[in-house]
>>> print(open('coords31.cif').read())   # mmCIF, C-alpha atoms (C1' of nucleotides)
data_structure
#
loop_
_atom_site.group_PDB
_atom_site.id
_atom_site.type_symbol
_atom_site.label_atom_id
_atom_site.label_comp_id
_atom_site.auth_asym_id
_atom_site.auth_seq_id
_atom_site.Cartn_x
_atom_site.Cartn_y
_atom_site.Cartn_z
ATOM 1 C CA MET A 1 -24.126 13.115 -50.446
ATOM 2 C CA PRO A 2 -22.547 10.807 -48.275
ATOM 3 C CA GLU A 3 -23.991 7.424 -49.095
ATOM 4 C CA LEU A 4 -24.486 4.513 -46.720
ATOM 5 C CA PRO A 5 -20.771 3.897 -45.929
ATOM 6 C CA GLU A 6 -20.046 7.578 -45.271
ATOM 7 C CA VAL A 7 -23.122 7.885 -43.056
ATOM 8 C CA GLU A 8 -22.165 4.684 -41.236
ATOM 9 C CA THR A 9 -18.651 6.094 -40.692
ATOM 10 C CA ILE A 10 -20.076 9.296 -39.264
ATOM 11 C CA VAL A 11 -22.393 7.323 -36.959
ATOM 12 C CA ARG A 12 -19.470 5.229 -35.685
ATOM 13 C CA LEU A 13 -17.429 8.376 -35.071
ATOM 14 C CA LEU A 14 -20.320 9.920 -33.153
ATOM 15 C CA ARG A 15 -20.621 6.813 -31.020
ATOM 16 C CA GLY A 16 -16.989 7.314 -30.095
ATOM 17 C CA GLY A 17 -15.998 4.044 -31.650
ATOM 18 C CA ILE A 18 -13.128 5.384 -33.751
ATOM 19 C CA GLY A 19 -10.015 6.867 -32.189
ATOM 20 C CA ASP A 20 -10.456 8.956 -29.053
ATOM 21 C CA SER A 21 -13.422 10.960 -30.281
ATOM 22 C CA SER A 22 -15.971 12.030 -27.725
ATOM 23 C CA THR A 23 -19.633 11.083 -28.000
ATOM 24 C CA PRO A 24 -22.900 12.935 -27.524
ATOM 25 C CA ILE A 25 -24.468 9.754 -26.121
ATOM 26 C CA GLY A 26 -25.593 10.309 -22.544
ATOM 27 C CA LYS A 27 -25.320 14.091 -22.860
ATOM 28 C CA LYS A 28 -28.191 16.487 -22.367
ATOM 29 C CA ILE A 29 -28.956 19.090 -25.037
ATOM 30 C CA LEU A 30 -28.831 22.426 -23.249
ATOM 31 C CA ARG A 31 -29.468 24.799 -26.129
ATOM 32 C CA THR A 32 -29.713 24.788 -29.923
ATOM 33 C CA SER A 33 -28.634 27.472 -32.333
ATOM 34 C CA VAL A 34 -30.217 27.389 -35.791
ATOM 35 C CA LEU A 35 -28.071 29.357 -38.216
ATOM 36 C CA TRP A 36 -29.934 28.357 -41.401
ATOM 37 C CA GLU A 37 -33.640 27.899 -40.772
ATOM 38 C CA ARG A 38 -34.362 25.815 -43.847
ATOM 39 C CA SER A 39 -32.068 23.091 -42.510
ATOM 40 C CA ILE A 40 -34.862 22.285 -40.056
ATOM 41 C CA ALA A 41 -37.457 20.223 -41.914
ATOM 42 C CA ALA A 42 -39.831 19.757 -38.972
ATOM 43 C CA PRO A 43 -41.252 20.952 -36.698
ATOM 44 C CA PRO A 44 -41.194 24.773 -37.159
ATOM 45 C CA VAL A 45 -37.936 26.209 -35.804
ATOM 46 C CA PRO A 46 -39.312 27.746 -32.572
ATOM 47 C CA GLU A 47 -40.984 24.466 -31.619
ATOM 48 C CA PHE A 48 -37.890 22.484 -32.652
ATOM 49 C CA VAL A 49 -35.607 24.528 -30.428
ATOM 50 C CA GLN A 50 -38.000 24.488 -27.490
ATOM 51 C CA ARG A 51 -38.920 20.804 -27.619
ATOM 52 C CA ILE A 52 -35.360 19.537 -27.969
ATOM 53 C CA GLN A 53 -34.057 21.502 -24.993
ATOM 54 C CA GLY A 54 -33.333 19.292 -21.993
ATOM 55 C CA GLN A 55 -33.575 15.985 -23.859
ATOM 56 C CA THR A 56 -30.716 13.507 -23.528
ATOM 57 C CA VAL A 57 -29.110 11.630 -26.426
ATOM 58 C CA GLN A 58 -29.674 7.927 -25.787
ATOM 59 C CA LYS A 59 -28.670 6.096 -28.948
ATOM 60 C CA ILE A 60 -27.208 6.840 -32.375
ATOM 61 C CA SER A 61 -27.925 4.613 -35.367
ATOM 62 C CA ARG A 62 -28.377 4.668 -39.132
ATOM 63 C CA ARG A 63 -31.257 3.869 -41.442
ATOM 64 C CA GLY A 64 -30.433 4.147 -45.134
ATOM 65 C CA LYS A 65 -28.649 7.484 -45.432
ATOM 66 C CA TYR A 66 -30.318 8.932 -42.333
ATOM 67 C CA ILE A 67 -28.578 9.420 -39.006
ATOM 68 C CA VAL A 68 -31.039 8.501 -36.253
ATOM 69 C CA MET A 69 -30.578 9.942 -32.756
ATOM 70 C CA ARG A 70 -32.909 8.575 -30.136
ATOM 71 C CA LEU A 71 -33.531 11.245 -27.504
ATOM 72 C CA SER A 72 -35.379 11.028 -24.159
ATOM 73 C CA SER A 73 -38.778 11.590 -25.731
ATOM 74 C CA ASP A 74 -38.297 12.361 -29.434
ATOM 75 C CA THR A 75 -36.106 11.164 -32.293
ATOM 76 C CA LEU A 76 -33.700 13.495 -34.055
ATOM 77 C CA LEU A 77 -33.061 12.648 -37.713
ATOM 78 C CA PHE A 78 -30.359 14.028 -39.993
ATOM 79 C CA HIS A 79 -30.104 13.632 -43.756
ATOM 80 C CA LEU A 80 -26.807 14.994 -45.085
ATOM 81 C CA ARG A 81 -27.853 15.079 -48.764
ATOM 82 C CA MET A 82 -24.907 16.253 -50.907
ATOM 83 C CA SER A 83 -22.558 18.100 -48.590
ATOM 84 C CA GLY A 84 -23.713 17.728 -45.004
ATOM 85 C CA ASP A 85 -21.619 16.552 -42.084
ATOM 86 C CA LEU A 86 -22.157 15.993 -38.399
ATOM 87 C CA HIS A 87 -19.428 16.048 -35.776
ATOM 88 C CA VAL A 88 -18.674 16.974 -32.183
ATOM 89 C CA GLU A 89 -16.323 19.660 -30.928
ATOM 90 C CA PHE A 90 -15.278 20.890 -27.529
ATOM 91 C CA GLU A 91 -16.117 24.414 -26.451
ATOM 92 C CA LYS A 92 -13.205 26.780 -26.550
ATOM 93 C CA LEU A 93 -11.575 27.736 -23.280
ATOM 94 C CA HIS A 94 -12.929 30.661 -21.267
ATOM 95 C CA GLY A 95 -12.236 34.004 -22.839
ATOM 96 C CA GLU A 96 -11.844 32.730 -26.369
ATOM 97 C CA LYS A 97 -14.506 33.698 -28.843
ATOM 98 C CA GLU A 98 -16.581 30.788 -30.164
ATOM 99 C CA ALA A 99 -15.655 30.220 -33.751
ATOM 100 C CA ILE A 100 -18.633 29.471 -35.955
ATOM 101 C CA GLY A 101 -17.621 27.554 -39.063
ATOM 102 C CA LYS A 102 -18.466 29.059 -42.415
ATOM 103 C CA HIS A 103 -20.857 26.206 -43.209
ATOM 104 C CA ASP A 104 -22.286 25.543 -39.746
ATOM 105 C CA ARG A 105 -26.099 25.381 -40.035
ATOM 106 C CA VAL A 106 -27.260 24.004 -36.670
ATOM 107 C CA ILE A 107 -25.270 23.878 -33.419
ATOM 108 C CA PHE A 108 -26.413 21.799 -30.450
ATOM 109 C CA ILE A 109 -24.827 22.839 -27.149
ATOM 110 C CA LEU A 110 -24.465 19.764 -24.950
ATOM 111 C CA GLN A 111 -23.296 19.101 -21.416
ATOM 112 C CA ASN A 112 -19.608 18.992 -20.509
ATOM 113 C CA GLY A 113 -18.593 21.635 -23.047
ATOM 114 C CA LEU A 114 -19.479 19.466 -26.014
ATOM 115 C CA ARG A 115 -21.078 20.807 -29.155
ATOM 116 C CA LEU A 116 -22.753 18.787 -31.905
ATOM 117 C CA ILE A 117 -22.410 20.612 -35.205
ATOM 118 C CA PHE A 118 -24.430 20.077 -38.360
ATOM 119 C CA GLU A 119 -22.577 21.717 -41.224
ATOM 120 C CA ASP A 120 -23.617 21.756 -44.833
ATOM 121 C CA ALA A 121 -21.999 23.849 -47.554
ATOM 122 C CA ARG A 122 -24.785 23.395 -50.098
ATOM 123 C CA LYS A 123 -27.666 23.670 -47.609
ATOM 124 C CA PHE A 124 -29.493 20.631 -49.016
ATOM 125 C CA GLY A 125 -29.306 18.663 -45.780
ATOM 126 C CA ARG A 126 -32.261 18.440 -43.404
ATOM 127 C CA VAL A 127 -32.919 17.848 -39.695
ATOM 128 C CA TRP A 128 -36.166 16.519 -38.182
ATOM 129 C CA LEU A 129 -37.356 16.249 -34.592
ATOM 130 C CA LEU A 130 -40.119 13.654 -34.616
ATOM 131 C CA THR A 131 -42.248 11.818 -32.100
ATOM 132 C CA ASP A 132 -42.405 8.873 -34.496
ATOM 133 C CA PRO A 133 -39.379 8.581 -36.837
ATOM 134 C CA GLN A 134 -41.414 6.262 -39.082
ATOM 135 C CA ASP A 135 -43.189 9.376 -40.339
ATOM 136 C CA GLU A 136 -39.988 10.077 -42.271
ATOM 137 C CA LEU A 137 -38.381 6.632 -42.548
ATOM 138 C CA GLY A 138 -41.499 4.630 -43.309
ATOM 139 C CA ASP A 139 -41.120 4.519 -47.082
ATOM 140 C CA LEU A 140 -37.510 3.334 -47.129
ATOM 141 C CA GLY A 141 -36.705 0.029 -48.764
ATOM 142 C CA PRO A 142 -34.740 -2.720 -46.998
ATOM 143 C CA GLU A 143 -31.197 -2.288 -45.679
ATOM 144 C CA PRO A 144 -28.859 -3.850 -48.236
ATOM 145 C CA LEU A 145 -26.577 -5.241 -45.525
ATOM 146 C CA ALA A 146 -29.376 -6.789 -43.447
ATOM 147 C CA GLU A 147 -29.092 -10.564 -43.393
ATOM 148 C CA GLU A 148 -32.868 -10.884 -43.626
ATOM 149 C CA LEU A 149 -32.666 -9.731 -47.241
ATOM 150 C CA SER A 150 -32.113 -12.960 -49.150
ATOM 151 C CA ALA A 151 -30.964 -13.369 -52.733
ATOM 152 C CA ASP A 152 -34.331 -14.940 -53.482
ATOM 153 C CA GLN A 153 -36.219 -12.010 -52.086
ATOM 154 C CA PHE A 154 -33.971 -9.580 -53.966
ATOM 155 C CA HIS A 155 -34.650 -11.456 -57.196
ATOM 156 C CA ARG A 156 -38.387 -11.161 -56.579
ATOM 157 C CA MET A 157 -38.035 -7.416 -55.944
ATOM 158 C CA LEU A 158 -36.202 -7.005 -59.251
ATOM 159 C CA LYS A 159 -38.631 -9.204 -61.171
ATOM 160 C CA ASP A 160 -41.476 -6.815 -60.461
ATOM 161 C CA CYS A 161 -39.648 -3.804 -61.882
ATOM 162 C CA ARG A 162 -39.405 -2.798 -65.498
ATOM 163 C CA ARG A 163 -36.974 -0.006 -64.638
ATOM 164 C CA GLN A 164 -33.309 0.417 -65.474
ATOM 165 C CA LEU A 165 -30.943 -0.867 -62.774
ATOM 166 C CA LYS A 166 -29.135 2.417 -62.185
ATOM 167 C CA PRO A 167 -32.132 4.576 -61.240
ATOM 168 C CA LEU A 168 -33.823 1.635 -59.513
ATOM 169 C CA LEU A 169 -30.888 0.945 -57.182
ATOM 170 C CA MET A 170 -30.704 4.632 -56.330
ATOM 171 C CA ASP A 171 -34.414 4.697 -55.463
ATOM 172 C CA GLN A 172 -34.422 4.727 -51.648
ATOM 173 C CA SER A 173 -37.868 3.149 -51.485
ATOM 174 C CA PHE A 174 -36.493 0.142 -53.382
ATOM 175 C CA LEU A 175 -33.260 -0.253 -51.413
ATOM 176 C CA ALA A 176 -32.009 2.158 -48.733
ATOM 177 C CA GLY A 177 -28.487 3.543 -48.844
ATOM 178 C CA LEU A 178 -27.018 3.365 -52.324
ATOM 179 C CA GLY A 179 -26.140 6.601 -54.114
ATOM 180 C CA ASN A 180 -24.368 7.478 -57.329
ATOM 181 C CA ILE A 181 -20.887 6.226 -56.462
ATOM 182 C CA TYR A 182 -21.711 2.910 -54.838
ATOM 183 C CA THR A 183 -24.343 2.097 -57.476
ATOM 184 C CA ASP A 184 -21.823 2.534 -60.292
ATOM 185 C CA GLU A 185 -19.186 0.555 -58.402
ATOM 186 C CA ALA A 186 -21.608 -2.256 -57.495
ATOM 187 C CA LEU A 187 -22.891 -2.567 -61.076
ATOM 188 C CA PHE A 188 -19.299 -2.793 -62.278
ATOM 189 C CA LYS A 189 -18.524 -5.494 -59.746
ATOM 190 C CA ALA A 190 -21.641 -7.408 -60.807
ATOM 191 C CA LYS A 191 -20.699 -6.943 -64.495
ATOM 192 C CA LEU A 192 -24.112 -5.473 -65.258
ATOM 193 C CA HIS A 193 -24.805 -2.575 -67.602
ATOM 194 C CA PRO A 194 -26.496 0.321 -65.757
ATOM 195 C CA LEU A 195 -29.331 0.446 -68.309
ATOM 196 C CA THR A 196 -30.252 -3.227 -67.925
ATOM 197 C CA ILE A 197 -33.959 -3.680 -67.202
ATOM 198 C CA ALA A 198 -34.302 -5.075 -63.672
ATOM 199 C CA SER A 199 -36.977 -7.660 -64.476
ATOM 200 C CA GLU A 200 -34.705 -9.334 -67.010
ATOM 201 C CA LEU A 201 -32.130 -10.477 -64.464
ATOM 202 C CA ASN A 202 -32.150 -14.190 -63.757
ATOM 203 C CA ALA A 203 -31.717 -15.613 -60.263
ATOM 204 C CA ASP A 204 -27.938 -15.923 -60.606
ATOM 205 C CA GLN A 205 -27.536 -12.343 -61.818
ATOM 206 C CA ALA A 206 -29.757 -11.053 -59.004
ATOM 207 C CA ALA A 207 -27.708 -12.954 -56.439
ATOM 208 C CA ALA A 208 -24.482 -11.630 -57.971
ATOM 209 C CA LEU A 209 -25.825 -8.092 -57.876
ATOM 210 C CA LEU A 210 -26.796 -8.324 -54.206
ATOM 211 C CA LYS A 211 -23.392 -9.798 -53.399
ATOM 212 C CA ALA A 212 -21.638 -7.014 -55.343
ATOM 213 C CA ILE A 213 -23.695 -4.335 -53.574
ATOM 214 C CA ARG A 214 -22.802 -5.770 -50.193
ATOM 215 C CA GLU A 215 -19.105 -6.177 -50.951
ATOM 216 C CA THR A 216 -18.896 -2.635 -52.320
ATOM 217 C CA LEU A 217 -20.667 -1.140 -49.302
ATOM 218 C CA LEU A 218 -18.572 -3.172 -46.863
ATOM 219 C CA GLU A 219 -15.354 -2.107 -48.539
ATOM 220 C CA GLY A 220 -16.558 1.504 -48.352
ATOM 221 C CA ILE A 221 -17.274 1.138 -44.633
ATOM 222 C CA GLN A 222 -13.972 -0.614 -44.053
ATOM 223 C CA ARG A 223 -12.183 2.321 -45.725
ATOM 224 C CA ASN A 224 -14.218 4.828 -43.659
ATOM 225 C CA GLY A 225 -16.063 5.974 -46.771
ATOM 226 C CA ALA A 226 -14.942 8.135 -49.653
ATOM 227 C CA SER A 227 -13.612 11.682 -49.298
ATOM 228 C CA ILE A 228 -14.045 13.588 -52.519
ATOM 229 C CA ASP A 229 -13.967 17.252 -53.509
ATOM 230 C CA TRP A 230 -13.671 19.574 -50.553
ATOM 231 C CA VAL A 231 -15.848 17.337 -48.362
ATOM 232 C CA TYR A 232 -13.218 15.417 -46.458
ATOM 233 C CA ARG A 233 -14.181 12.979 -43.741
ATOM 234 C CA GLY A 234 -11.065 10.920 -43.489
ATOM 235 C CA GLY A 235 -12.024 7.977 -45.681
ATOM 236 C CA ASP A 236 -9.993 6.766 -48.640
ATOM 237 C CA PHE A 237 -12.398 4.689 -50.726
ATOM 238 C CA GLN A 238 -12.034 7.356 -53.440
ATOM 239 C CA ASN A 239 -8.615 5.869 -54.189
ATOM 240 C CA HIS A 240 -10.145 2.497 -54.996
ATOM 241 C CA PHE A 241 -12.875 3.305 -57.510
ATOM 242 C CA PHE A 242 -13.081 1.047 -60.566
ATOM 243 C CA VAL A 243 -15.375 3.285 -62.624
ATOM 244 C CA TYR A 244 -16.708 6.306 -60.732
ATOM 245 C CA GLY A 245 -15.066 9.499 -61.973
ATOM 246 C CA ARG A 246 -12.759 7.529 -64.281
ATOM 247 C CA LYS A 247 -14.223 8.535 -67.674
ATOM 248 C CA GLY A 248 -11.646 7.937 -70.407
ATOM 249 C CA GLU A 249 -9.267 6.117 -68.085
ATOM 250 C CA THR A 250 -8.630 2.445 -68.701
ATOM 251 C CA CYS A 251 -10.646 -0.269 -67.014
ATOM 252 C CA LEU A 252 -8.503 -1.847 -64.309
ATOM 253 C CA ILE A 253 -9.720 -5.285 -65.375
ATOM 254 C CA CYS A 254 -9.691 -5.226 -69.189
ATOM 255 C CA GLY A 255 -8.072 -1.946 -70.268
ATOM 256 C CA THR A 256 -11.091 -0.613 -72.173
ATOM 257 C CA PRO A 257 -11.715 3.142 -71.653
ATOM 258 C CA ILE A 258 -14.403 3.804 -69.022
ATOM 259 C CA GLU A 259 -17.491 5.515 -70.422
ATOM 260 C CA ARG A 260 -19.709 8.130 -68.839
ATOM 261 C CA ILE A 261 -23.349 8.553 -69.764
ATOM 262 C CA VAL A 262 -26.147 10.485 -68.083
ATOM 263 C CA VAL A 263 -29.010 8.486 -66.583
ATOM 264 C CA GLY A 264 -31.712 10.273 -64.645
ATOM 265 C CA GLN A 265 -29.591 13.437 -64.594
ATOM 266 C CA ARG A 266 -26.753 11.558 -62.909
ATOM 267 C CA GLY A 267 -23.313 10.875 -64.288
ATOM 268 C CA THR A 268 -23.068 7.116 -64.770
ATOM 269 C CA HIS A 269 -19.757 5.347 -65.236
ATOM 270 C CA PHE A 270 -19.190 1.868 -66.604
ATOM 271 C CA CYS A 271 -16.856 -0.331 -68.595
ATOM 272 C CA PRO A 272 -18.499 -1.032 -71.979
ATOM 273 C CA ASN A 273 -16.582 -4.291 -72.220
ATOM 274 C CA CYS A 274 -16.947 -5.745 -68.712
ATOM 275 C CA GLN A 275 -20.546 -4.507 -68.390
ATOM 276 C CA GLY A 276 -21.666 -4.789 -71.993
ATOM 277 C CA HIS A 277 -22.666 -8.404 -72.138
ATOM 278 C CA THR A 278 -26.209 -8.445 -70.833
ATOM 279 C CA ALA A 279 -28.727 -9.373 -73.505
ATOM 280 C CA ASN A 280 -30.801 -6.239 -73.301
ATOM 281 C CA ALA A 281 -27.935 -3.804 -72.828
ATOM 282 C CA LYS A 282 -26.727 -4.620 -76.317
ATOM 283 C CA LYS A 283 -29.939 -3.252 -77.715
ATOM 284 C CA LEU A 284 -29.534 0.023 -75.859
ATOM 285 C CA PRO A 285 -27.735 3.098 -77.146
ATOM 286 C CA THR A 286 -24.580 3.908 -75.266
ATOM 287 C "C1'" DC B 1 -46.139 3.458 -63.681
ATOM 288 C "C1'" DA B 2 -41.877 5.180 -65.369
ATOM 289 C "C1'" DC B 3 -39.458 8.761 -67.180
ATOM 290 C "C1'" DG B 4 -37.850 13.745 -67.974
ATOM 291 C "C1'" DT B 5 -37.086 18.434 -66.051
ATOM 292 C "C1'" DC B 6 -36.464 21.706 -62.788
ATOM 293 C "C1'" DA B 7 -35.496 23.387 -58.166
ATOM 294 C "C1'" DC B 8 -32.855 23.682 -54.109
ATOM 295 C "C1'" DC B 9 -27.418 25.636 -53.023
ATOM 296 C "C1'" DT B 10 -22.282 26.488 -52.894
ATOM 297 C "C1'" DG B 11 -17.716 25.571 -54.373
ATOM 298 C "C1'" DC B 12 -14.217 23.911 -57.293
ATOM 299 C "C1'" DG B 13 -11.744 22.937 -61.694
ATOM 300 C "C1'" DT B 14 -11.309 24.186 -66.478
ATOM 301 C "C1'" DG B 15 -10.748 26.935 -70.383
ATOM 302 C "C1'" DC B 16 -10.859 31.351 -72.661
ATOM 303 C "C1'" DT C 1 -6.807 37.790 -62.767
ATOM 304 C "C1'" DG C 2 -11.546 37.499 -64.074
ATOM 305 C "C1'" DC C 3 -15.370 35.079 -65.522
ATOM 306 C "C1'" DA C 4 -18.500 31.852 -67.584
ATOM 307 C "C1'" DC C 5 -19.490 27.212 -67.466
ATOM 308 C "C1'" DG C 6 -19.940 22.490 -66.150
ATOM 309 C "C1'" DC C 7 -19.722 19.480 -62.598
ATOM 310 C "C1'" DA C 8 -20.676 17.579 -57.822
ATOM 311 C "C1'" DG C 9 -21.920 11.829 -52.784
ATOM 312 C "C1'" DG C 10 -29.473 13.767 -53.076
ATOM 313 C "C1'" DT C 11 -34.212 14.250 -53.205
ATOM 314 C "C1'" DG C 12 -38.874 16.152 -54.083
ATOM 315 C "C1'" DA C 13 -42.306 18.423 -56.926
ATOM 316 C "C1'" DC C 14 -43.938 18.691 -61.212
ATOM 317 C "C1'" DG C 15 -45.473 17.361 -66.045
ATOM 318 C "C1'" DT C 16 -46.100 13.807 -69.882
#
>>> encode(input="coords31.cif", output="structure tokens")
Amino acid sequence: MPELPEVETIVRLLRGGIGDSSTPIGKKILRTSVLWERSIAAPPVPEFVQRIQGQTVQKISRRGKYIVMRLSSDTLLFHLRMSGDLHVEFEKLHGEKEAIGKHDRVIFILQNGLRLIFEDARKFGRVWLLTDPQDELGDLGPEPLAEELSADQFHRMLKDCRRQLKPLLMDQSFLAGLGNIYTDEALFKAKLHPLTIASELNADQAAALLKAIRETLLEGIQRNGASIDWVYRGGDFQNHFFVYGRKGETCLICGTPIERIVVGQRGTHFCPNCQGHTANAKKLPT
DNA sequence: CACGTCACCTGCGTGC
DNA sequence: TGCACGCAGGTGACGT
């Protein structure tokens, strides 16, 4: 899916902060059309549609990879998973037939001819309408970009884990927001092998990893995220990957061919030279 | 606790 | 051109 930077980009677009895009903030939801019922995680579709009607969008934010919309009395959550997207459109002029996109799953009809559209080719994405958003967000780990997360604290979090870095960093209850791309890119930047056992990092390595994660995420946000495959959202971070999707191509730092292995069912890309120097990684098969 | 496997879905690129 | 296959930004439910 979109990872933290792509979700952040979408949130900023929805707030109207980029270009001349319009925003759902301050608009009342007049009606909702659910085109794929399983996109609605909770409550049951009839209750969802009925309860949301008449509520006004007050605030749009992000928590991990979730889009959080504060409404008058409930909170609307979106998780885009692999292929979801969320954007606003204007109603067509009178007389024209409303075009429903091939992958539109939920359409929210707002005031002033605005429509909020949740589209999702692979149908993995989910939408929640909750009284207390913590019911869904409660198990998330800390925000990697939050200043409150110190290098010391991050080192302590790692010290308690005997797991490999790659699956650990992608575990949303450990840290909220990293996915497959940004994890591979951050590990490359930190010069750490993806199979390194977390508890074996020293304080300096932990600090370097947190710094690399933050720099990678910030660059992603600054480039408006990555647009890969047919899911295009305007970002261009995909043109600046060091390892992701570059199997067999040469490392931009040292020239060694980038390797791809599978870890936890996910393609994992790394430079065996730049990221091969941790003590325990040498013992691991590659 | 930590890992492996499958399931959920559609679409695109590749190779025969 | 058709078609099988592998791959894809994610997560949750299992089993060992």
>>> residues_around(input="coords31.cif", residues="Leu210 in chain A", least_positions_apart="3", cutoff="8 Å", atoms="only C-alpha atoms (C1' of nucleotides)", output="JSON, numbers by chain")
{"A": [144, 151, 154, 206, 207, 213, 214]}
>>> resolve_selection(input="coords31.cif", expression="the PyMOL selection byres ((chain A) within 9 of (chain B))", output="PyMOL selection string")
chain A and resi 121-124+162-163+229-230+264-265
>>> closest_residue(input="coords31.cif", among="A:Phe270, A:Phe242, A:Phe118, A:Tyr66", to="chain C", atoms="only C-alpha atoms (C1' of nucleotides)")
A:Tyr66
>>> interface_residues(input="coords31.cif", of="chain A", to="chain C", cutoff="7 Å", atoms="only C-alpha atoms (C1' of nucleotides)", output="mmCIF file with C-alpha atoms, in the frame of the given file")
data_model
loop_
_atom_site.group_PDB
_atom_site.id
_atom_site.type_symbol
_atom_site.label_atom_id
_atom_site.label_comp_id
_atom_site.auth_asym_id
_atom_site.auth_seq_id
_atom_site.Cartn_x
_atom_site.Cartn_y
_atom_site.Cartn_z
ATOM 1 C CA MET A 1 -24.126 13.115 -50.446
ATOM 2 C CA PRO A 2 -22.547 10.807 -48.275
ATOM 3 C CA GLU A 3 -23.991 7.424 -49.095
ATOM 4 C CA ARG A 81 -27.853 15.079 -48.764
ATOM 5 C CA MET A 82 -24.907 16.253 -50.907
ATOM 6 C CA GLY A 179 -26.140 6.601 -54.114
ATOM 7 C CA ASN A 180 -24.368 7.478 -57.329
ATOM 8 C CA ILE A 181 -20.887 6.226 -56.462
#
>>> atom_distance(input="coords31.cif", atom1="CA of Cys271 in chain A", atom2="CA of Gly235 in chain A")
24.8 Å
>>> resolve_selection(input="coords31.cif", expression="the PyMOL selection byres ((chain A and resi 5) around 8)", output="ChimeraX atom specification")
/A:2-4,6-9,217-218,220-221,224-225
>>> axis_aligned_box(input="coords31.cif", around="chain B", padding_each_side="5 Å", output="AutoDock Vina command-line options")
--center_x -28.4 --center_y 17.4 --center_z -62.8 --size_x 45.4 --size_y 37.9 --size_z 29.8
>>> atom_distance(input="coords31.cif", atom1="CA of Leu175 in chain A", atom2="CA of Asp160 in chain A")
13.9 Å
>>> residues_around(input="coords31.cif", residues="Glu215 in chain A", least_positions_apart="3", cutoff="12 Å", atoms="only C-alpha atoms (C1' of nucleotides)", output="list in words")
Pro5, Pro144, Leu145, Tyr182, Thr183, Glu185, Ala186, Leu187, Phe188, Lys189, Ala190, Ala208, Leu209, Leu210, Lys211, Ala212, Leu218, Glu219, Gly220, Ile221 and Gln222 of chain A
>>> write_last_selection(input="coords31.cif", atoms="C-alpha atoms", output="PDB file, in the frame of the given file")
ATOM      1  CA  PRO A   5     -20.771   3.897 -45.929  1.00  0.00           C
ATOM      2  CA  PRO A 144     -28.859  -3.850 -48.236  1.00  0.00           C
ATOM      3  CA  LEU A 145     -26.577  -5.241 -45.525  1.00  0.00           C
ATOM      4  CA  TYR A 182     -21.711   2.910 -54.838  1.00  0.00           C
ATOM      5  CA  THR A 183     -24.343   2.097 -57.476  1.00  0.00           C
ATOM      6  CA  GLU A 185     -19.186   0.555 -58.402  1.00  0.00           C
ATOM      7  CA  ALA A 186     -21.608  -2.256 -57.495  1.00  0.00           C
ATOM      8  CA  LEU A 187     -22.891  -2.567 -61.076  1.00  0.00           C
ATOM      9  CA  PHE A 188     -19.299  -2.793 -62.278  1.00  0.00           C
ATOM     10  CA  LYS A 189     -18.524  -5.494 -59.746  1.00  0.00           C
ATOM     11  CA  ALA A 190     -21.641  -7.408 -60.807  1.00  0.00           C
ATOM     12  CA  ALA A 208     -24.482 -11.630 -57.971  1.00  0.00           C
ATOM     13  CA  LEU A 209     -25.825  -8.092 -57.876  1.00  0.00           C
ATOM     14  CA  LEU A 210     -26.796  -8.324 -54.206  1.00  0.00           C
ATOM     15  CA  LYS A 211     -23.392  -9.798 -53.399  1.00  0.00           C
ATOM     16  CA  ALA A 212     -21.638  -7.014 -55.343  1.00  0.00           C
ATOM     17  CA  LEU A 218     -18.572  -3.172 -46.863  1.00  0.00           C
ATOM     18  CA  GLU A 219     -15.354  -2.107 -48.539  1.00  0.00           C
ATOM     19  CA  GLY A 220     -16.558   1.504 -48.352  1.00  0.00           C
ATOM     20  CA  ILE A 221     -17.274   1.138 -44.633  1.00  0.00           C
ATOM     21  CA  GLN A 222     -13.972  -0.614 -44.053  1.00  0.00           C
TER      22      GLN A 222
END
>>> atom_distance(input="coords31.cif", atom1="CA of Arg51 in chain A", atom2="CA of Ile67 in chain A")
19.1 Å
>>> closest_residue(input="coords31.cif", among="A:Met170, A:Leu129, A:Ile10, A:Val68", to="Gln50 in chain A", atoms="only C-alpha atoms")
A:Leu129
>>> residues_around(input="coords31.cif", residues="Gln164 in chain A", least_positions_apart="4", cutoff="6 Å", atoms="only C-alpha atoms (C1' of nucleotides)", output="NGL selection string")
:A and (195-198)
